[in-house]
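Colleague: I am sharing query.txt, which consists of compact mmCIF, C-alpha atoms:
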# COMPACT_ATOMS: atom_id res chain seq x y z
CA MET H 2 10.25 11.00 25.24
CA PRO H 3 11.81 13.54 22.86
CA THR H 4 9.94 14.42 19.69
CA GLU H 5 11.91 14.97 16.56
CA SER H 6 10.82 16.44 13.29
CA LEU H 7 12.08 17.17 9.83
CA THR H 8 10.57 20.25 8.25
CA ASN H 9 11.12 21.63 4.78
CA GLU H 10 10.68 24.66 2.56
CA VAL H 11 9.62 22.79 -0.56
CA ARG H 12 6.24 24.50 -0.88
CA LEU H 13 7.76 27.98 -0.49
CA LEU H 14 10.56 27.20 -2.94
CA ARG H 15 8.05 25.93 -5.50
CA PHE H 16 6.13 29.16 -5.15
CA LEU H 17 9.31 31.17 -5.64
CA ALA H 18 10.24 29.07 -8.67
CA GLN H 19 7.45 30.61 -10.75
CA ASP H 20 4.80 28.52 -9.01
CA MET H 21 6.26 25.22 -10.14
CA THR H 22 3.64 22.47 -9.85
CA GLN H 23 4.05 19.43 -7.63
CA ALA H 24 3.84 17.26 -10.74
CA GLU H 25 6.67 19.18 -12.44
CA LEU H 26 8.91 18.95 -9.35
CA GLY H 27 8.05 15.27 -9.05
CA ARG H 28 8.94 14.65 -12.69
CA ARG H 29 12.30 16.37 -12.23
CA VAL H 30 13.30 14.39 -9.14
CA GLY H 31 11.68 11.07 -10.05
CA LEU H 32 8.73 11.10 -7.62
CA THR H 33 4.98 11.13 -8.05
CA ARG H 34 2.90 14.25 -7.37
CA GLN H 35 1.37 12.48 -4.37
CA THR H 36 4.79 11.93 -2.79
CA ILE H 37 5.77 15.59 -3.27
CA ALA H 38 2.51 16.52 -1.51
CA ALA H 39 3.32 14.10 1.32
CA ILE H 40 6.82 15.60 1.70
CA GLU H 41 5.39 19.14 1.85
CA GLN H 42 2.86 18.10 4.49
CA GLY H 43 5.57 16.39 6.55
CA ARG H 44 3.97 12.96 6.12
CA TYR H 45 6.99 11.47 4.36
CA SER H 46 10.72 11.88 4.85
CA PRO H 47 12.50 11.36 1.52
CA SER H 48 15.73 9.46 1.07
CA LEU H 49 18.94 11.45 1.20
CA GLU H 50 19.39 11.08 -2.56
CA VAL H 51 15.94 12.51 -3.32
CA ALA H 52 16.46 15.30 -0.77
CA PHE H 53 19.65 16.31 -2.60
CA ARG H 54 17.83 16.16 -5.94
CA ILE H 55 15.06 18.43 -4.65
CA ALA H 56 17.61 20.92 -3.31
CA ASP H 57 19.42 20.78 -6.65
CA VAL H 58 16.25 21.61 -8.60
CA PHE H 59 15.92 24.87 -6.62
CA GLY H 60 19.68 25.57 -6.69
CA LYS H 61 19.88 25.44 -2.88
CA ARG H 62 21.96 23.59 -0.33
CA LEU H 63 20.32 20.64 1.42
CA ASP H 64 20.13 22.48 4.76
CA GLU H 65 18.36 25.41 3.10
CA VAL H 66 15.51 23.12 2.03
CA PHE H 67 15.28 20.57 4.87
CA HIS H 68 15.59 21.42 8.56
CA TRP H 69 16.19 18.95 11.34
CA ASN H 70 14.59 19.92 14.67
CA PRO H 71 15.87 17.50 17.33
CA ASP H 72 13.50 18.70 20.07
CA GLY H 73 10.43 19.07 17.83
CA THR H 74 10.47 22.87 17.85
CA ALA H 75 9.72 24.89 14.75
CA ALA H 76 12.59 25.71 12.43
CA PRO H 77 14.33 28.98 13.29
CA ASP H 78 13.63 31.94 11.00
CA ARG H 79 16.11 32.20 8.21
CA GLU H 80 17.07 35.02 5.95
CA ARG H 81 15.39 34.46 2.64
CA MET S 27 -4.72 8.85 -5.39
CA SER S 28 -1.56 6.86 -6.06
CA PRO S 29 -1.84 4.04 -8.66
CA LEU S 30 -0.71 1.54 -6.00
CA GLU S 31 -3.42 2.71 -3.60
CA LYS S 32 -6.03 2.41 -6.38
CA ARG S 33 -4.92 -1.16 -7.07
CA ALA S 34 -5.02 -1.95 -3.37
CA TRP S 35 -8.61 -0.71 -3.11
CA LEU S 36 -9.51 -2.69 -6.23
CA THR S 37 -8.04 -5.88 -4.78
CA LEU S 38 -9.84 -5.38 -1.45
CA TRP S 39 -13.21 -4.69 -3.08
CA SER S 40 -12.94 -7.51 -5.61
CA GLN S 41 -11.53 -10.11 -3.20
CA CYS S 42 -13.16 -9.62 0.19
CA PRO S 43 -16.92 -9.88 -0.60
CA PRO S 44 -16.82 -13.16 -2.58
CA TYR S 45 -14.43 -14.90 -0.17
CA LEU S 46 -16.39 -13.61 2.83
CA VAL S 47 -19.48 -15.31 1.38
CA TYR S 48 -17.45 -18.46 0.66
CA PHE S 49 -16.05 -18.74 4.19
CA LEU S 50 -19.45 -17.93 5.71
CA ILE S 51 -20.97 -20.83 3.76
CA GLN S 52 -18.10 -23.13 4.74
CA GLY S 53 -18.14 -22.07 8.38
CA VAL S 54 -21.84 -21.64 9.16
CA TRP S 55 -23.39 -24.25 6.86
CA PRO S 56 -20.59 -26.80 6.31
CA ASN S 57 -23.05 -29.51 5.23
CA TRP S 58 -24.87 -27.34 2.71
CA LEU S 59 -22.36 -28.39 0.04
CA ALA S 60 -22.48 -32.17 0.34
CA THR S 61 -20.47 -33.51 -2.56
CA PHE S 62 -16.96 -32.86 -3.80
CA GLN S 63 -18.31 -31.48 -7.09
CA GLN S 64 -20.54 -28.98 -5.27
CA ARG S 65 -17.65 -27.75 -3.16
CA ILE S 66 -15.36 -27.39 -6.17
CA ALA S 67 -18.13 -25.60 -8.08
CA CYS S 68 -18.66 -23.18 -5.17
CA LEU S 69 -14.93 -22.44 -5.02
CA ALA S 70 -14.81 -21.97 -8.81
CA VAL S 71 -17.73 -19.52 -8.72
CA VAL S 72 -16.11 -17.49 -5.93
CA ALA S 73 -12.72 -17.43 -7.69
CA GLY S 74 -14.46 -16.54 -10.96
CA VAL S 75 -16.37 -13.63 -9.40
CA HIS S 76 -13.12 -12.38 -7.86
CA ALA S 77 -11.24 -12.65 -11.17
CA ILE S 78 -13.99 -10.97 -13.23
CA ALA S 79 -14.37 -8.10 -10.71
CA TYR S 80 -10.60 -7.57 -10.56
CA VAL S 81 -10.00 -7.67 -14.33
CA THR S 82 -12.99 -5.39 -15.01
CA GLY S 83 -11.74 -2.90 -12.42
CA LEU S 84 -8.20 -3.07 -13.77
CA LEU S 85 -9.34 -2.44 -17.35
CA TRP S 86 -11.45 0.52 -16.21
CA MET S 87 -8.45 1.84 -14.25
CA LYS S 88 -6.12 1.48 -17.25
CA ARG S 89 -8.63 3.38 -19.36
CA GLN S 90 -8.73 6.18 -16.77
CA GLU S 91 -4.91 6.30 -16.72
CA ARG S 92 -4.92 6.53 -20.53
CA GLY S 93 -2.27 3.86 -20.96
CA GLU S 94 0.30 5.60 -18.76
CA PRO S 95 2.78 3.11 -17.25
CA LEU S 96 2.48 2.29 -13.55
CA LEU S 97 5.11 4.52 -11.97
CA LEU S 98 6.07 3.74 -8.39
CA ASP S 99 8.50 5.90 -6.47
CA GLU S 100 10.44 5.32 -3.24
CA ARG S 101 7.44 6.15 -1.01
CA ASP S 102 5.22 3.66 -2.86
CA ARG S 103 7.91 1.01 -2.54
CA ALA S 104 8.40 1.76 1.18
CA ILE S 105 4.66 1.45 1.87
CA ASP S 106 4.42 -1.72 -0.23
CA GLY S 107 7.50 -3.18 1.47
CA ARG S 108 6.13 -2.64 4.98
CA ALA S 109 2.74 -4.10 4.04
CA THR S 110 4.31 -7.11 2.34
CA ARG S 111 6.58 -7.85 5.32
CA THR S 112 3.57 -7.96 7.66
CA ALA S 113 1.50 -10.04 5.23
CA TYR S 114 4.39 -12.50 4.93
CA PHE S 115 4.13 -13.32 8.64
CA VAL S 116 0.35 -13.77 8.36
CA MET S 117 0.95 -16.22 5.50
CA LEU S 118 3.76 -17.95 7.41
CA THR S 119 1.53 -18.44 10.47
CA GLY S 120 -1.28 -19.78 8.30
CA MET S 121 1.00 -22.22 6.53
CA ILE S 122 2.43 -23.47 9.84
CA VAL S 123 -1.10 -24.12 11.08
CA VAL S 124 -2.11 -25.86 7.83
CA GLY S 125 1.08 -27.80 7.17
CA VAL S 126 2.42 -28.55 10.65
CA VAL S 127 -0.44 -28.52 13.16
CA MET S 128 -3.65 -29.45 11.34
CA PRO S 129 -2.50 -32.66 9.59
CA PHE S 130 -2.47 -34.38 13.01
CA SER S 131 -6.17 -33.73 13.59
CA ASP S 132 -7.85 -32.71 10.32
CA SER S 133 -7.85 -33.57 6.66
CA GLY S 134 -9.55 -32.91 3.32
CA TRP S 135 -11.57 -29.75 2.79
CA LYS S 136 -10.78 -28.37 6.24
CA LEU S 137 -7.09 -28.21 5.30
CA THR S 138 -7.92 -26.75 1.88
CA ASN S 139 -10.17 -24.07 3.30
CA THR S 140 -7.75 -23.11 6.06
CA ALA S 141 -4.94 -22.76 3.52
CA LEU S 142 -7.21 -20.63 1.34
CA LEU S 143 -8.18 -18.53 4.36
CA ALA S 144 -4.50 -17.94 5.16
CA ILE S 145 -3.84 -16.78 1.59
CA VAL S 146 -6.89 -14.49 1.50
CA LEU S 147 -6.06 -13.09 4.96
CA ALA S 148 -2.45 -12.39 3.98
CA GLU S 149 -3.56 -10.62 0.79
CA THR S 150 -6.19 -8.64 2.70
CA VAL S 151 -3.67 -7.59 5.35
CA ARG S 152 -1.19 -6.54 2.65
CA TYR S 153 -3.60 -4.35 0.71
CA ALA S 154 -5.29 -2.97 3.84
CA LEU S 155 -1.88 -1.89 5.14
CA ILE S 156 -1.07 -0.28 1.79
CA VAL S 157 -4.28 1.76 1.97
CA ALA S 158 -3.55 2.63 5.62
CA GLY S 159 0.03 3.55 4.69
CA TYR S 160 -1.17 6.24 2.31
CA ARG S 161 -3.81 7.60 4.66
CA ARG S 162 -2.67 7.28 8.23
CA THR S 163 1.12 7.18 8.38
CA PRO S 164 2.08 10.24 10.41
CA ARG S 165 5.68 10.15 9.23
CA LEU S 166 7.01 7.42 7.04
CA ALA S 167 10.74 7.52 6.59
CA HIS S 168 12.44 6.13 3.53
For this file, produce the structure as structure tokens.

Modeller:
Amino acid sequence: MPTESLTNEVRLLRFLAQDMTQAELGRRVGLTRQTIAAIEQGRYSPSLEVAFRIADVFGKRLDEVFHWNPDGTAAPDRER
Amino acid sequence: MSPLEKRAWLTLWSQCPPYLVYFLIQGVWPNWLATFQQRIACLAVVAGVHAIAYVTGLLWMKRQERGEPLLLDERDRAIDGRATRTAYFVMLTGMIVVGVVMPFSDSGWKLTNTALLAIVLAETVRYALIVAGYRRTPRLAH
């Protein structure tokens, strides 16, 4: 049975955005701090609308923040 | 801890102990409460203990939250929705037993207590699934 996973760069992008707190990111996209933590830990996949909002906060494209790995492998290294 | 998870814990802790005692009395010593007044009084005490424990916990929680409004986001709503859907079927099954099956063989307090058990079970399942949703869900999609 294939394993699929959605990974993201939210934690790294928060760090690069002058160490933005989870609460601050949550306030800006309309989520609680707990949900931001769950997204970072891969325990929750946000709706498409929220995913776009998160990408927008960091000024990135959606695929620069969230990565879809159809076979469950780690996301390929990207130029940052 | 999410406000919804806190309220779920509060409901479980305030509801389960008193109703567990109530159903133990009704199940193990059914003749201990002989008259209608005694049975009603027992039910009133249990419901009262539940209500007092819940309201006290809620007031304490509100004080801790310093009057902030209860904000639920899409994850909270997804967890609550899944838990409520499952609890609905528990309630539905209980009501079918009480309203469709039992009237042919039982009556009176047995019907009342089974209906009450179905309600308490459905509520317990709902809040237990909410707690589990925050703690154990490996990947909950929106």

Colleague: For chain S, work out the contacting residues on chain H at 7 Å, counting only C-alpha atoms, and write them as a list in words.

Modeller: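 Using only C-alpha atoms, chain H residues at most 7 Å from chain S: Leu32, Thr33, Gln35, Thr36, Gly43, Arg44, Tyr45, Ser46, Pro47 and Ser48 of chain H.
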
Colleague: Could the residues in this selection be saved with C-alpha atoms as a compact mmCIF listing (two decimals), in the coordinates of the input?

Modeller:
# COMPACT_ATOMS: atom_id res chain seq x y z
CA LEU H 32 8.73 11.10 -7.62
CA THR H 33 4.98 11.13 -8.05
CA GLN H 35 1.37 12.48 -4.37
CA THR H 36 4.79 11.93 -2.79
CA GLY H 43 5.57 16.39 6.55
CA ARG H 44 3.97 12.96 6.12
CA TYR H 45 6.99 11.47 4.36
CA SER H 46 10.72 11.88 4.85
CA PRO H 47 12.50 11.36 1.52
CA SER H 48 15.73 9.46 1.07

Colleague: What's around H:Gly27 at 12 Å? Count all atoms listed in the file, leave out sequence neighbours fewer than 2 positions away in its own chain, and write the answer as a ChimeraX atom specification.

Modeller: /H:11,15,21-25,29-41,51-52,54-55,58 /S:97-100

Colleague: Quick one: residues within 10 Å of S:Glu149, all atoms listed in the file, excluding same-chain residues fewer than 5 positions away - as a PyMOL selection string?

Modeller: chain S and resi 34+37-38+41-42+109-110+113-114+116-117+143-144+154-155

Colleague: One number please: atom CA of S:Leu142 to atom CA of S:Gly120, in Å, one decimal.

Modeller: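 Atom-to-atom, atom CA of S:Leu142 and atom CA of S:Gly120 are spaced 9.2 Å apart.
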
Colleague: Within 10 Å of S:Pro44, counting all atoms listed in the file, which residues qualify if same-chain residues fewer than 2 places away don't, as number ranges by chain?

Modeller: S: 39-42, 46-50, 69, 71-76, 79

Colleague: What's the separation between atom CA of S:Phe62 and atom CA of S:Val81, in Å to one decimal place?

Modeller: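 Here the two named atoms are 28.2 Å from each other.
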
Colleague: As lines of an AutoDock Vina configuration file, please report the centre and edge lengths, rounded to one decimal in Å, of the axis-aligned box that holds all listed atoms of stretch 39-42 of chain H with 8 Å of padding on each of the six sides.

Modeller:
center_x = 4.8
center_y = 16.6
center_z = 2.9
size_x = 20.0
size_y = 21.0
size_z = 19.2

Colleague: Of the candidates S:Trp35, S:Ile105, S:Arg111, S:Ser133, which shows the shortest atom-to-atom distance to S:Ile156, using only C-alpha atoms?

Modeller: S:Ile105

Colleague: Take atom CA of S:Val151 and atom CA of S:Arg33 and report the distance between them in Å, one decimal.

Modeller: 14.0 Å
